[in-house]
Amino acid sequence: MDGQFVFYACVILPIKFGEEIFYGVTSLMEGISTGSWVEVEFGGRTLQGVVRRTASWSGLPQKSRSVEIKSIGKILDRTPVSTSEIRFWDLIARYYLCTTGEVFKAAYPILSVRQQEVSSHKKPEDVLSKLEDGFEDITLSEAQQKALEEIQAEIERKSVLLEGVTGSGKTEIYIKLIDKCLKDGKDVLYLVPEIAMGNHLHSRLRKHYGERLLIFHSAVTQAGKKLIRDILTLKGNEGCPRKPVVVLGTRSSIFLPMENLGLVVIDEEHDQSYKQEDPAPRYNGRDAALLLAQMHGAKVILGSATPSFESLYNCYTRKFGRVLLPEKFFQSPPPEVTVIDTIWTRKSRQMKGSFSQQLINLIEKTIAEKKQVLVFRNIRSYAPVVQCAECGEIVKCPHCNVPLSYHRYDNTLRCHWCEHKAPFSPVCPSCGKQALECRGAGTEKIEEELRELFPQARIARYDADIAKSKKDAEKVLSDFEKGNTDILVGTQMTSKGFDFENLALVAVIQADTILSQQDFRSDEKAMQLFVQLLGRSGRRNSRGHLVIQTNQKNHPVINNIKEMANRLSWEYETGAHNAANSEERPNGDMMAERSMYCFPPFVRLVNVILRNKNYHKLESAANSLSHVLKNTRSFSAMEVSGPFAPRMEKLRDEYQLCFSIKFAKDNRLQANKDALNKVISLMKLPVQTIIDVDPV
């Protein structure tokens, strides 16, 4: 035993390291305990970490006793991390097969850690002093009140899925639940999948909750994030506890120190944006929030017009309660759906560029009636592909195995995966002839075509290129909301969370790019997108219209969306709606297909991705892993497939090969995942190895 140390501290560091790391604590270091922030040396670097636990010499693992133990550099003057935060990190790390250090890094990114040392202009006490105790009461419709009562009857025992059509008023129900939680003295976490949705809700919730509403996402300043953490960790005075607050945020909000959590709202729970892709932890914000709520004994309400199959499965197995809200708040009739066969319209010469004559007529009629139009195209740019007319060469990204997109506004070729950018030239890089031509149409070209077809119309575009400027994005949305724009061209960013009162027609251009994704979830995602778009139009007692232009008029998803529209229209016209009708959703066939072929939500899926710049090295490592995975007895898998090349075979100069492992959803699941993780770790493959649990 080293006599200079009084005891030892196990420190969590923001690195990918699976073993415990101990440092010595001298007699001069007072106050170190679980949750203390410290500065230490590791691998020649100075890192800031959090103490997991303390131990005497006899309490050290044998491996730690056999190596030289360094001293803690210094203690940092910061609010300690709670034991429940550390426990949550451990649970996330174990489920998603990463290290606690990687979760700690996600919870406290380096900029956030440094900001802890900077004094904020605002003190949490001064914010809290402005909080008002009363809230303006909200009047619910009969359908909303019925749904609220059903939720309240279930939510004490289990999480509840609120399945409500777009425009049915789910937010008002959330507010009622939030009000009760705040009156009970508990904090609320309100999750949304994207910043844009948070911005849309911000003003609405601010009017109701004032300074009680705290906004947390990646675009908030570090000082603002520190203030929120400081507020949440305030204990208040004896006999006068801190007033409860509402945190409105994206997925990273789950890592806030919410020790007084009473309710979690997960809006648009189906949205893929809840999933963290890179780096680890590759968690799903929805599922992690359910785990967080369970830890704190908090209630959970999930909401969507198009629930994920995972949540529907949880309802069928009685893990979740399910409440239906089938009526729009303003009692508007369900939108009409028109499917236009673009194969036939081309053959009959009824296409003008990307638009059929039938759609052109509908747009003209809508504008003439002083209504608005949303034209949806899920690809930004002027042209998604540039091809040589002489040799057929498609210009691809030098770093990724994908075509470069042409952006006309700055005359560049761009990769939408790695953001590689190069000036456009008509000279083919393969044959040297000036024969490069644009193929296909992105949002830029759609906007250009619309300006030619409707020269008198006020037209705007909303996509990722526009959204790079917060000012421009806000102006586009504000103008459309105020009726200053007739036609808005948009990508998936426009499909959710917005309520445009005068929007009457939504048109989907080249829907085949949505229907033809190579993914077992592709039909589910397409169905969700079309239903979301279906709900964007026809607010405020007027009937909307969804037009889908496609080469696949008999695709199962197209048939499902037509069937849904017909059923909703019949129920509206006859008044024959009941809960039993709503239980039978048109996605039943898709769910049955998932069950038949053993895909989630009926099994658990884990993907293993190998990456390296040298393809031969990657292939060799993949073959070695394949042999081990398919012959090991360490874990029990239903199926191991791979190695196979993903859709993005090369990404940012690295080649990729994948494995897909299916596990049964039984009491051996976590043990099987742990064994898989151990097998891969012991192989020490000479390539980057990524484990993605529950990929989307």
# chains A, B, ... in the order shown; residues from 1 in each chain; ligands from 1

$ residues_around --residues "stretch 384-392 of chain A" --least-positions-apart "5" --cutoff "6 Å" --atoms "only C-alpha atoms" --output "list in words"
Pro403, Ser405, Ala435, Leu436, Glu437, Cys438 and Arg439 of chain A

$ write_last_selection --atoms "N, CA and C atoms" --output "PDB file, in the first residue's frame"
ATOM      1  N   PRO A 403     -23.765   9.587 -55.398  1.00  0.00           N
ATOM      2  CA  PRO A 403     -23.688  10.662 -56.392  1.00  0.00           C
ATOM      3  C   PRO A 403     -23.648  12.028 -55.722  1.00  0.00           C
ATOM      4  N   SER A 405     -24.774  15.887 -55.560  1.00  0.00           N
ATOM      5  CA  SER A 405     -25.968  16.651 -55.928  1.00  0.00           C
ATOM      6  C   SER A 405     -25.561  18.029 -56.427  1.00  0.00           C
ATOM      7  N   ALA A 435     -20.260  17.285 -71.324  1.00  0.00           N
ATOM      8  CA  ALA A 435     -21.551  16.617 -71.529  1.00  0.00           C
ATOM      9  C   ALA A 435     -22.261  16.264 -70.227  1.00  0.00           C
ATOM     10  N   LEU A 436     -21.851  16.890 -69.116  1.00  0.00           N
ATOM     11  CA  LEU A 436     -22.531  16.611 -67.855  1.00  0.00           C
ATOM     12  C   LEU A 436     -23.917  17.243 -67.847  1.00  0.00           C
ATOM     13  N   GLU A 437     -24.920  16.444 -67.481  1.00  0.00           N
ATOM     14  CA  GLU A 437     -26.296  16.931 -67.434  1.00  0.00           C
ATOM     15  C   GLU A 437     -26.952  16.563 -66.106  1.00  0.00           C
ATOM     16  N   CYS A 438     -27.898  17.393 -65.683  1.00  0.00           N
ATOM     17  CA  CYS A 438     -28.619  17.153 -64.434  1.00  0.00           C
ATOM     18  C   CYS A 438     -29.693  16.087 -64.643  1.00  0.00           C
ATOM     19  N   ARG A 439     -29.823  15.200 -63.666  1.00  0.00           N
ATOM     20  CA  ARG A 439     -30.848  14.168 -63.709  1.00  0.00           C
ATOM     21  C   ARG A 439     -31.699  14.266 -62.442  1.00  0.00           C
TER      22      ARG A 439
END

$ closest_atom_pairs --of "stretch 234-329 of chain A" --to "stretch 6-25 of chain A" --cutoff "12 Å" --atoms "only C-alpha atoms" --output "JSON lines"
{"residue": "A:Pro279", "atom": "CA", "partner": "A:Lys16", "partner_atom": "CA", "distance": 10.9}
{"residue": "A:Ala280", "atom": "CA", "partner": "A:Lys16", "partner_atom": "CA", "distance": 9.1}
{"residue": "A:Pro281", "atom": "CA", "partner": "A:Lys16", "partner_atom": "CA", "distance": 10.3}

$ write_last_selection --atoms "N, CA and C atoms" --output "PDB file, in the first residue's frame"
ATOM      1  N   PRO A 279     -21.667   9.911 -32.148  1.00  0.00           N
ATOM      2  CA  PRO A 279     -20.939   8.735 -31.675  1.00  0.00           C
ATOM      3  C   PRO A 279     -21.747   8.002 -30.609  1.00  0.00           C
ATOM      4  N   ALA A 280     -21.099   7.004 -29.959  1.00  0.00           N
ATOM      5  CA  ALA A 280     -21.740   6.301 -28.840  1.00  0.00           C
ATOM      6  C   ALA A 280     -21.956   7.290 -27.693  1.00  0.00           C
ATOM      7  N   PRO A 281     -22.998   7.098 -26.895  1.00  0.00           N
ATOM      8  CA  PRO A 281     -23.969   6.007 -26.921  1.00  0.00           C
ATOM      9  C   PRO A 281     -25.000   6.196 -28.022  1.00  0.00           C
TER      10      PRO A 281
END

$ closest_residue --among "A:Lys186, A:Lys650, A:Lys170, A:Arg322" --to "A:Leu261" --atoms "only C-alpha atoms"
A:Lys186

$ select_by_dssp --residues "stretch 11-176 of chain A" --states "strand (DSSP E)" --output "ChimeraX atom specification"
/A:11-12,22-25,37-42,45-55,74-75,160-164

$ closest_residue --among "A:Gly535, A:Pro109, A:Pro333, A:Gly642" --to "A:Thr306" --atoms "only C-alpha atoms"
A:Gly535

$ select_by_dssp --residues "stretch 188-417 of chain A" --states "alpha helix (DSSP H)" --output "ChimeraX atom specification"
/A:195-209,222-233,285-296,309-316,342-347,357-368

$ write_last_selection --atoms "C-alpha atoms" --output "CSV table (one decimal), in the first residue's frame"
chain,number,residue,atom,x,y,z
A,195,ILE,CA,-35.2,21.7,-32.6
A,196,ALA,CA,-37.6,23.1,-35.2
A,197,MET,CA,-40.5,21.5,-33.4
A,198,GLY,CA,-39.2,22.9,-30.1
A,199,ASN,CA,-39.2,26.4,-31.6
A,200,HIS,CA,-42.8,25.9,-32.8
A,201,LEU,CA,-43.9,24.9,-29.3
A,202,HIS,CA,-41.8,27.4,-27.5
A,203,SER,CA,-44.1,30.4,-27.8
A,204,ARG,CA,-47.2,28.4,-27.2
A,205,LEU,CA,-45.9,26.9,-23.9
A,206,ARG,CA,-44.2,30.2,-22.9
A,207,LYS,CA,-47.6,32.0,-22.8
A,208,HIS,CA,-48.9,29.3,-20.4
A,209,TYR,CA,-45.8,28.6,-18.2
A,222,GLN,CA,-23.3,26.9,-23.0
A,223,ALA,CA,-24.2,29.6,-20.5
A,224,GLY,CA,-27.9,28.8,-21.0
A,225,LYS,CA,-27.3,25.1,-20.5
A,226,LYS,CA,-25.3,25.8,-17.4
A,227,LEU,CA,-28.2,27.9,-16.0
A,228,ILE,CA,-30.7,25.1,-16.6
A,229,ARG,CA,-28.4,22.6,-14.8
A,230,ASP,CA,-28.0,25.0,-11.9
A,231,ILE,CA,-31.8,25.5,-11.7
A,232,LEU,CA,-32.4,21.8,-11.7
A,233,THR,CA,-29.9,21.1,-8.9
A,285,GLY,CA,-34.2,9.2,-26.7
A,286,ARG,CA,-37.7,7.7,-26.4
A,287,ASP,CA,-36.6,4.4,-24.9
A,288,ALA,CA,-33.9,6.1,-22.7
A,289,ALA,CA,-36.6,8.5,-21.4
A,290,LEU,CA,-38.8,5.6,-20.5
A,291,LEU,CA,-35.9,4.1,-18.5
A,292,LEU,CA,-35.3,7.5,-16.8
A,293,ALA,CA,-38.9,7.8,-15.8
A,294,GLN,CA,-38.9,4.3,-14.4
A,295,MET,CA,-35.9,5.1,-12.3
A,296,HIS,CA,-37.6,8.2,-10.8
A,309,PHE,CA,-44.5,-0.4,-34.4
A,310,GLU,CA,-42.5,-0.7,-31.1
A,311,SER,CA,-45.1,1.4,-29.2
A,312,LEU,CA,-48.0,-0.4,-30.8
A,313,TYR,CA,-46.5,-3.7,-29.8
A,314,ASN,CA,-46.1,-2.5,-26.3
A,315,CYS,CA,-49.8,-1.6,-26.3
A,316,TYR,CA,-50.8,-5.0,-27.7
A,342,THR,CA,-47.1,9.2,-63.5
A,343,ILE,CA,-46.3,6.3,-65.8
A,344,TRP,CA,-49.7,6.8,-67.5
A,345,THR,CA,-49.5,10.6,-67.4
A,346,ARG,CA,-46.1,10.5,-69.2
A,347,LYS,CA,-47.3,8.2,-71.8
A,357,GLN,CA,-51.6,18.4,-65.6
A,358,GLN,CA,-54.1,17.2,-63.0
A,359,LEU,CA,-51.9,18.5,-60.2
A,360,ILE,CA,-51.3,21.8,-62.0
A,361,ASN,CA,-55.0,22.2,-62.2
A,362,LEU,CA,-55.5,21.5,-58.5
A,363,ILE,CA,-52.8,24.0,-57.6
A,364,GLU,CA,-54.3,26.7,-59.8
A,365,LYS,CA,-57.7,26.0,-58.2
A,366,THR,CA,-56.3,26.1,-54.6
A,367,ILE,CA,-54.5,29.5,-55.2
A,368,ALA,CA,-57.6,30.9,-56.9

$ atom_distance --atom1 "atom CA of A:Glu136" --atom2 "atom CA of A:Leu148"
17.6 Å

$ residues_around --residues "stretch 547-563 of chain A" --least-positions-apart "5" --cutoff "7 Å" --atoms "only C-alpha atoms" --output "PyMOL selection string"
chain A and resi 337-343+506-512+523+527+586

$ write_last_selection --atoms "N, CA and C atoms" --output "PDB file, in the first residue's frame"
ATOM      1  N   VAL A 337     -57.648  12.007 -50.611  1.00  0.00           N
ATOM      2  CA  VAL A 337     -56.384  11.491 -51.142  1.00  0.00           C
ATOM      3  C   VAL A 337     -56.546  11.183 -52.627  1.00  0.00           C
ATOM      4  N   THR A 338     -55.646  11.732 -53.436  1.00  0.00           N
ATOM      5  CA  THR A 338     -55.633  11.455 -54.872  1.00  0.00           C
ATOM      6  C   THR A 338     -54.270  10.902 -55.252  1.00  0.00           C
ATOM      7  N   VAL A 339     -54.258   9.759 -55.912  1.00  0.00           N
ATOM      8  CA  VAL A 339     -53.008   9.152 -56.379  1.00  0.00           C
ATOM      9  C   VAL A 339     -52.939   9.308 -57.895  1.00  0.00           C
ATOM     10  N   ILE A 340     -51.856   9.926 -58.368  1.00  0.00           N
ATOM     11  CA  ILE A 340     -51.676  10.164 -59.801  1.00  0.00           C
ATOM     12  C   ILE A 340     -50.606   9.224 -60.343  1.00  0.00           C
ATOM     13  N   ASP A 341     -50.993   8.429 -61.317  1.00  0.00           N
ATOM     14  CA  ASP A 341     -50.089   7.461 -61.939  1.00  0.00           C
ATOM     15  C   ASP A 341     -49.201   8.188 -62.946  1.00  0.00           C
ATOM     16  N   THR A 342     -47.950   8.428 -62.579  1.00  0.00           N
ATOM     17  CA  THR A 342     -47.058   9.207 -63.457  1.00  0.00           C
ATOM     18  C   THR A 342     -46.567   8.400 -64.663  1.00  0.00           C
ATOM     19  N   ILE A 343     -46.661   7.075 -64.619  1.00  0.00           N
ATOM     20  CA  ILE A 343     -46.329   6.286 -65.815  1.00  0.00           C
ATOM     21  C   ILE A 343     -47.349   6.588 -66.912  1.00  0.00           C
ATOM     22  N   VAL A 506     -51.642  19.472 -50.193  1.00  0.00           N
ATOM     23  CA  VAL A 506     -50.280  18.962 -50.044  1.00  0.00           C
ATOM     24  C   VAL A 506     -50.024  18.008 -51.197  1.00  0.00           C
ATOM     25  N   ALA A 507     -48.947  18.257 -51.951  1.00  0.00           N
ATOM     26  CA  ALA A 507     -48.616  17.424 -53.107  1.00  0.00           C
ATOM     27  C   ALA A 507     -47.249  16.784 -52.911  1.00  0.00           C
ATOM     28  N   VAL A 508     -47.191  15.467 -53.059  1.00  0.00           N
ATOM     29  CA  VAL A 508     -45.929  14.729 -52.938  1.00  0.00           C
ATOM     30  C   VAL A 508     -45.410  14.447 -54.343  1.00  0.00           C
ATOM     31  N   ILE A 509     -44.220  14.982 -54.648  1.00  0.00           N
ATOM     32  CA  ILE A 509     -43.613  14.810 -55.959  1.00  0.00           C
ATOM     33  C   ILE A 509     -42.632  13.636 -55.916  1.00  0.00           C
ATOM     34  N   GLN A 510     -42.677  12.777 -56.957  1.00  0.00           N
ATOM     35  CA  GLN A 510     -41.775  11.621 -57.064  1.00  0.00           C
ATOM     36  C   GLN A 510     -41.770  10.803 -55.763  1.00  0.00           C
ATOM     37  N   ALA A 511     -42.929  10.332 -55.403  1.00  0.00           N
ATOM     38  CA  ALA A 511     -43.088   9.571 -54.157  1.00  0.00           C
ATOM     39  C   ALA A 511     -42.319   8.259 -54.161  1.00  0.00           C
ATOM     40  N   ASP A 512     -41.867   7.822 -55.325  1.00  0.00           N
ATOM     41  CA  ASP A 512     -41.153   6.543 -55.415  1.00  0.00           C
ATOM     42  C   ASP A 512     -39.846   6.546 -54.626  1.00  0.00           C
ATOM     43  N   ASP A 523     -41.620   0.585 -45.297  1.00  0.00           N
ATOM     44  CA  ASP A 523     -43.067   0.785 -45.442  1.00  0.00           C
ATOM     45  C   ASP A 523     -43.637   1.529 -44.237  1.00  0.00           C
ATOM     46  N   MET A 527     -45.417   5.121 -44.559  1.00  0.00           N
ATOM     47  CA  MET A 527     -46.790   5.285 -44.069  1.00  0.00           C
ATOM     48  C   MET A 527     -46.869   6.437 -43.068  1.00  0.00           C
ATOM     49  N   PRO A 586     -54.625   0.275 -40.867  1.00  0.00           N
ATOM     50  CA  PRO A 586     -54.202  -0.326 -42.131  1.00  0.00           C
ATOM     51  C   PRO A 586     -52.759  -0.811 -42.125  1.00  0.00           C
TER      52      PRO A 586
END

$ closest_residue --among "A:Ile459, A:Ile138, A:Leu91, A:Val245" --to "A:Phe480" --atoms "only C-alpha atoms"
A:Ile459

$ closest_residue --among "A:Met564, A:Leu413, A:Ser660, A:Thr250" --to "A:Gly588" --atoms "only C-alpha atoms"
A:Met564

$ atom_distance --atom1 "atom CA of A:Gly321" --atom2 "atom CA of A:Val265"
14.4 Å

$ closest_residue --among "A:Ile609, A:Leu256, A:Ala153, A:Met29" --to "A:Val81" --atoms "only C-alpha atoms"
A:Leu256

$ decode --residues "stretch 216-256 of chain A" --atoms "N, CA and C atoms" --output "PDB file, in the first residue's frame"
ATOM      1  N   PHE A 216     -33.915  23.387 -23.838  1.00  0.00           N
ATOM      2  CA  PHE A 216     -32.613  22.724 -23.850  1.00  0.00           C
ATOM      3  C   PHE A 216     -32.436  21.920 -25.143  1.00  0.00           C
ATOM      4  N   HIS A 217     -31.475  22.351 -25.964  1.00  0.00           N
ATOM      5  CA  HIS A 217     -31.085  21.578 -27.152  1.00  0.00           C
ATOM      6  C   HIS A 217     -29.706  22.059 -27.604  1.00  0.00           C
ATOM      7  N   SER A 218     -29.184  21.502 -28.683  1.00  0.00           N
ATOM      8  CA  SER A 218     -27.800  21.757 -29.088  1.00  0.00           C
ATOM      9  C   SER A 218     -27.531  23.206 -29.467  1.00  0.00           C
ATOM     10  N   ALA A 219     -28.561  23.948 -29.869  1.00  0.00           N
ATOM     11  CA  ALA A 219     -28.353  25.334 -30.281  1.00  0.00           C
ATOM     12  C   ALA A 219     -28.380  26.324 -29.115  1.00  0.00           C
ATOM     13  N   VAL A 220     -28.727  25.860 -27.915  1.00  0.00           N
ATOM     14  CA  VAL A 220     -28.720  26.738 -26.734  1.00  0.00           C
ATOM     15  C   VAL A 220     -27.276  27.002 -26.326  1.00  0.00           C
ATOM     16  N   THR A 221     -26.977  28.224 -25.921  1.00  0.00           N
ATOM     17  CA  THR A 221     -25.619  28.574 -25.529  1.00  0.00           C
ATOM     18  C   THR A 221     -25.174  27.765 -24.317  1.00  0.00           C
ATOM     19  N   GLN A 222     -23.860  27.634 -24.153  1.00  0.00           N
ATOM     20  CA  GLN A 222     -23.346  26.887 -23.008  1.00  0.00           C
ATOM     21  C   GLN A 222     -23.745  27.565 -21.697  1.00  0.00           C
ATOM     22  N   ALA A 223     -23.773  28.888 -21.695  1.00  0.00           N
ATOM     23  CA  ALA A 223     -24.207  29.602 -20.486  1.00  0.00           C
ATOM     24  C   ALA A 223     -25.665  29.281 -20.171  1.00  0.00           C
ATOM     25  N   GLY A 224     -26.478  29.192 -21.241  1.00  0.00           N
ATOM     26  CA  GLY A 224     -27.886  28.845 -21.049  1.00  0.00           C
ATOM     27  C   GLY A 224     -28.058  27.433 -20.525  1.00  0.00           C
ATOM     28  N   LYS A 225     -27.254  26.501 -21.029  1.00  0.00           N
ATOM     29  CA  LYS A 225     -27.318  25.110 -20.543  1.00  0.00           C
ATOM     30  C   LYS A 225     -26.880  25.022 -19.086  1.00  0.00           C
ATOM     31  N   LYS A 226     -25.832  25.779 -18.738  1.00  0.00           N
ATOM     32  CA  LYS A 226     -25.349  25.767 -17.353  1.00  0.00           C
ATOM     33  C   LYS A 226     -26.426  26.296 -16.408  1.00  0.00           C
ATOM     34  N   LEU A 227     -27.116  27.350 -16.833  1.00  0.00           N
ATOM     35  CA  LEU A 227     -28.173  27.927 -16.008  1.00  0.00           C
ATOM     36  C   LEU A 227     -29.268  26.895 -15.737  1.00  0.00           C
ATOM     37  N   ILE A 228     -29.640  26.130 -16.769  1.00  0.00           N
ATOM     38  CA  ILE A 228     -30.679  25.112 -16.590  1.00  0.00           C
ATOM     39  C   ILE A 228     -30.228  24.039 -15.609  1.00  0.00           C
ATOM     40  N   ARG A 229     -28.974  23.582 -15.757  1.00  0.00           N
ATOM     41  CA  ARG A 229     -28.445  22.587 -14.814  1.00  0.00           C
ATOM     42  C   ARG A 229     -28.437  23.133 -13.389  1.00  0.00           C
ATOM     43  N   ASP A 230     -28.047  24.400 -13.258  1.00  0.00           N
ATOM     44  CA  ASP A 230     -28.006  25.014 -11.925  1.00  0.00           C
ATOM     45  C   ASP A 230     -29.396  25.097 -11.311  1.00  0.00           C
ATOM     46  N   ILE A 231     -30.387  25.432 -12.142  1.00  0.00           N
ATOM     47  CA  ILE A 231     -31.766  25.512 -11.650  1.00  0.00           C
ATOM     48  C   ILE A 231     -32.243  24.141 -11.178  1.00  0.00           C
ATOM     49  N   LEU A 232     -31.968  23.114 -11.982  1.00  0.00           N
ATOM     50  CA  LEU A 232     -32.446  21.771 -11.656  1.00  0.00           C
ATOM     51  C   LEU A 232     -31.773  21.178 -10.426  1.00  0.00           C
ATOM     52  N   THR A 233     -30.571  21.654 -10.109  1.00  0.00           N
ATOM     53  CA  THR A 233     -29.862  21.114  -8.945  1.00  0.00           C
ATOM     54  C   THR A 233     -30.056  21.961  -7.687  1.00  0.00           C
ATOM     55  N   LEU A 234     -30.817  23.062  -7.801  1.00  0.00           N
ATOM     56  CA  LEU A 234     -31.142  23.853  -6.608  1.00  0.00           C
ATOM     57  C   LEU A 234     -32.078  23.055  -5.702  1.00  0.00           C
ATOM     58  N   LYS A 235     -31.788  23.049  -4.443  1.00  0.00           N
ATOM     59  CA  LYS A 235     -32.616  22.290  -3.498  1.00  0.00           C
ATOM     60  C   LYS A 235     -33.711  23.144  -2.868  1.00  0.00           C
ATOM     61  N   GLY A 236     -33.502  24.458  -2.852  1.00  0.00           N
ATOM     62  CA  GLY A 236     -34.453  25.328  -2.171  1.00  0.00           C
ATOM     63  C   GLY A 236     -34.184  25.370  -0.675  1.00  0.00           C
ATOM     64  N   ASN A 237     -34.897  26.217   0.018  1.00  0.00           N
ATOM     65  CA  ASN A 237     -34.730  26.342   1.462  1.00  0.00           C
ATOM     66  C   ASN A 237     -35.588  25.319   2.201  1.00  0.00           C
ATOM     67  N   GLU A 238     -35.217  25.068   3.453  1.00  0.00           N
ATOM     68  CA  GLU A 238     -35.975  24.123   4.264  1.00  0.00           C
ATOM     69  C   GLU A 238     -37.399  24.634   4.445  1.00  0.00           C
ATOM     70  N   GLY A 239     -38.350  23.793   4.117  1.00  0.00           N
ATOM     71  CA  GLY A 239     -39.752  24.188   4.223  1.00  0.00           C
ATOM     72  C   GLY A 239     -40.233  24.987   3.028  1.00  0.00           C
ATOM     73  N   CYS A 240     -39.323  25.324   2.118  1.00  0.00           N
ATOM     74  CA  CYS A 240     -39.684  26.092   0.917  1.00  0.00           C
ATOM     75  C   CYS A 240     -38.918  25.525  -0.280  1.00  0.00           C
ATOM     76  N   PRO A 241     -39.356  24.385  -0.822  1.00  0.00           N
ATOM     77  CA  PRO A 241     -38.630  23.728  -1.909  1.00  0.00           C
ATOM     78  C   PRO A 241     -38.630  24.559  -3.185  1.00  0.00           C
ATOM     79  N   ARG A 242     -37.675  24.248  -4.051  1.00  0.00           N
ATOM     80  CA  ARG A 242     -37.604  24.932  -5.345  1.00  0.00           C
ATOM     81  C   ARG A 242     -38.899  24.716  -6.127  1.00  0.00           C
ATOM     82  N   LYS A 243     -39.348  25.778  -6.795  1.00  0.00           N
ATOM     83  CA  LYS A 243     -40.563  25.655  -7.597  1.00  0.00           C
ATOM     84  C   LYS A 243     -40.296  24.765  -8.812  1.00  0.00           C
ATOM     85  N   PRO A 244     -41.230  23.886  -9.148  1.00  0.00           N
ATOM     86  CA  PRO A 244     -41.022  22.961 -10.264  1.00  0.00           C
ATOM     87  C   PRO A 244     -41.035  23.674 -11.615  1.00  0.00           C
ATOM     88  N   VAL A 245     -40.370  23.068 -12.597  1.00  0.00           N
ATOM     89  CA  VAL A 245     -40.229  23.668 -13.923  1.00  0.00           C
ATOM     90  C   VAL A 245     -40.547  22.647 -15.008  1.00  0.00           C
ATOM     91  N   VAL A 246     -40.667  23.155 -16.250  1.00  0.00           N
ATOM     92  CA  VAL A 246     -40.876  22.318 -17.435  1.00  0.00           C
ATOM     93  C   VAL A 246     -39.659  22.477 -18.337  1.00  0.00           C
ATOM     94  N   VAL A 247     -38.999  21.379 -18.662  1.00  0.00           N
ATOM     95  CA  VAL A 247     -37.880  21.409 -19.604  1.00  0.00           C
ATOM     96  C   VAL A 247     -38.377  20.923 -20.953  1.00  0.00           C
ATOM     97  N   LEU A 248     -38.318  21.786 -21.966  1.00  0.00           N
ATOM     98  CA  LEU A 248     -38.675  21.430 -23.337  1.00  0.00           C
ATOM     99  C   LEU A 248     -37.377  21.213 -24.102  1.00  0.00           C
ATOM    100  N   GLY A 249     -37.140  19.987 -24.569  1.00  0.00           N
ATOM    101  CA  GLY A 249     -35.859  19.738 -25.206  1.00  0.00           C
ATOM    102  C   GLY A 249     -35.856  18.557 -26.148  1.00  0.00           C
ATOM    103  N   THR A 250     -34.728  18.416 -26.841  1.00  0.00           N
ATOM    104  CA  THR A 250     -34.500  17.282 -27.730  1.00  0.00           C
ATOM    105  C   THR A 250     -33.890  16.138 -26.927  1.00  0.00           C
ATOM    106  N   ARG A 251     -33.439  15.086 -27.620  1.00  0.00           N
ATOM    107  CA  ARG A 251     -33.066  13.833 -26.939  1.00  0.00           C
ATOM    108  C   ARG A 251     -31.992  14.000 -25.871  1.00  0.00           C
ATOM    109  N   SER A 252     -31.043  14.933 -26.042  1.00  0.00           N
ATOM    110  CA  SER A 252     -29.962  15.090 -25.061  1.00  0.00           C
ATOM    111  C   SER A 252     -30.477  15.564 -23.704  1.00  0.00           C
ATOM    112  N   SER A 253     -31.720  16.031 -23.647  1.00  0.00           N
ATOM    113  CA  SER A 253     -32.302  16.503 -22.384  1.00  0.00           C
ATOM    114  C   SER A 253     -32.431  15.391 -21.349  1.00  0.00           C
ATOM    115  N   ILE A 254     -32.406  14.151 -21.802  1.00  0.00           N
ATOM    116  CA  ILE A 254     -32.543  13.045 -20.843  1.00  0.00           C
ATOM    117  C   ILE A 254     -31.369  12.981 -19.878  1.00  0.00           C
ATOM    118  N   PHE A 255     -30.248  13.636 -20.229  1.00  0.00           N
ATOM    119  CA  PHE A 255     -29.061  13.590 -19.376  1.00  0.00           C
ATOM    120  C   PHE A 255     -28.998  14.755 -18.382  1.00  0.00           C
ATOM    121  N   LEU A 256     -30.041  15.571 -18.331  1.00  0.00           N
ATOM    122  CA  LEU A 256     -30.081  16.646 -17.342  1.00  0.00           C
ATOM    123  C   LEU A 256     -30.305  16.063 -15.946  1.00  0.00           C
TER     124      LEU A 256
END
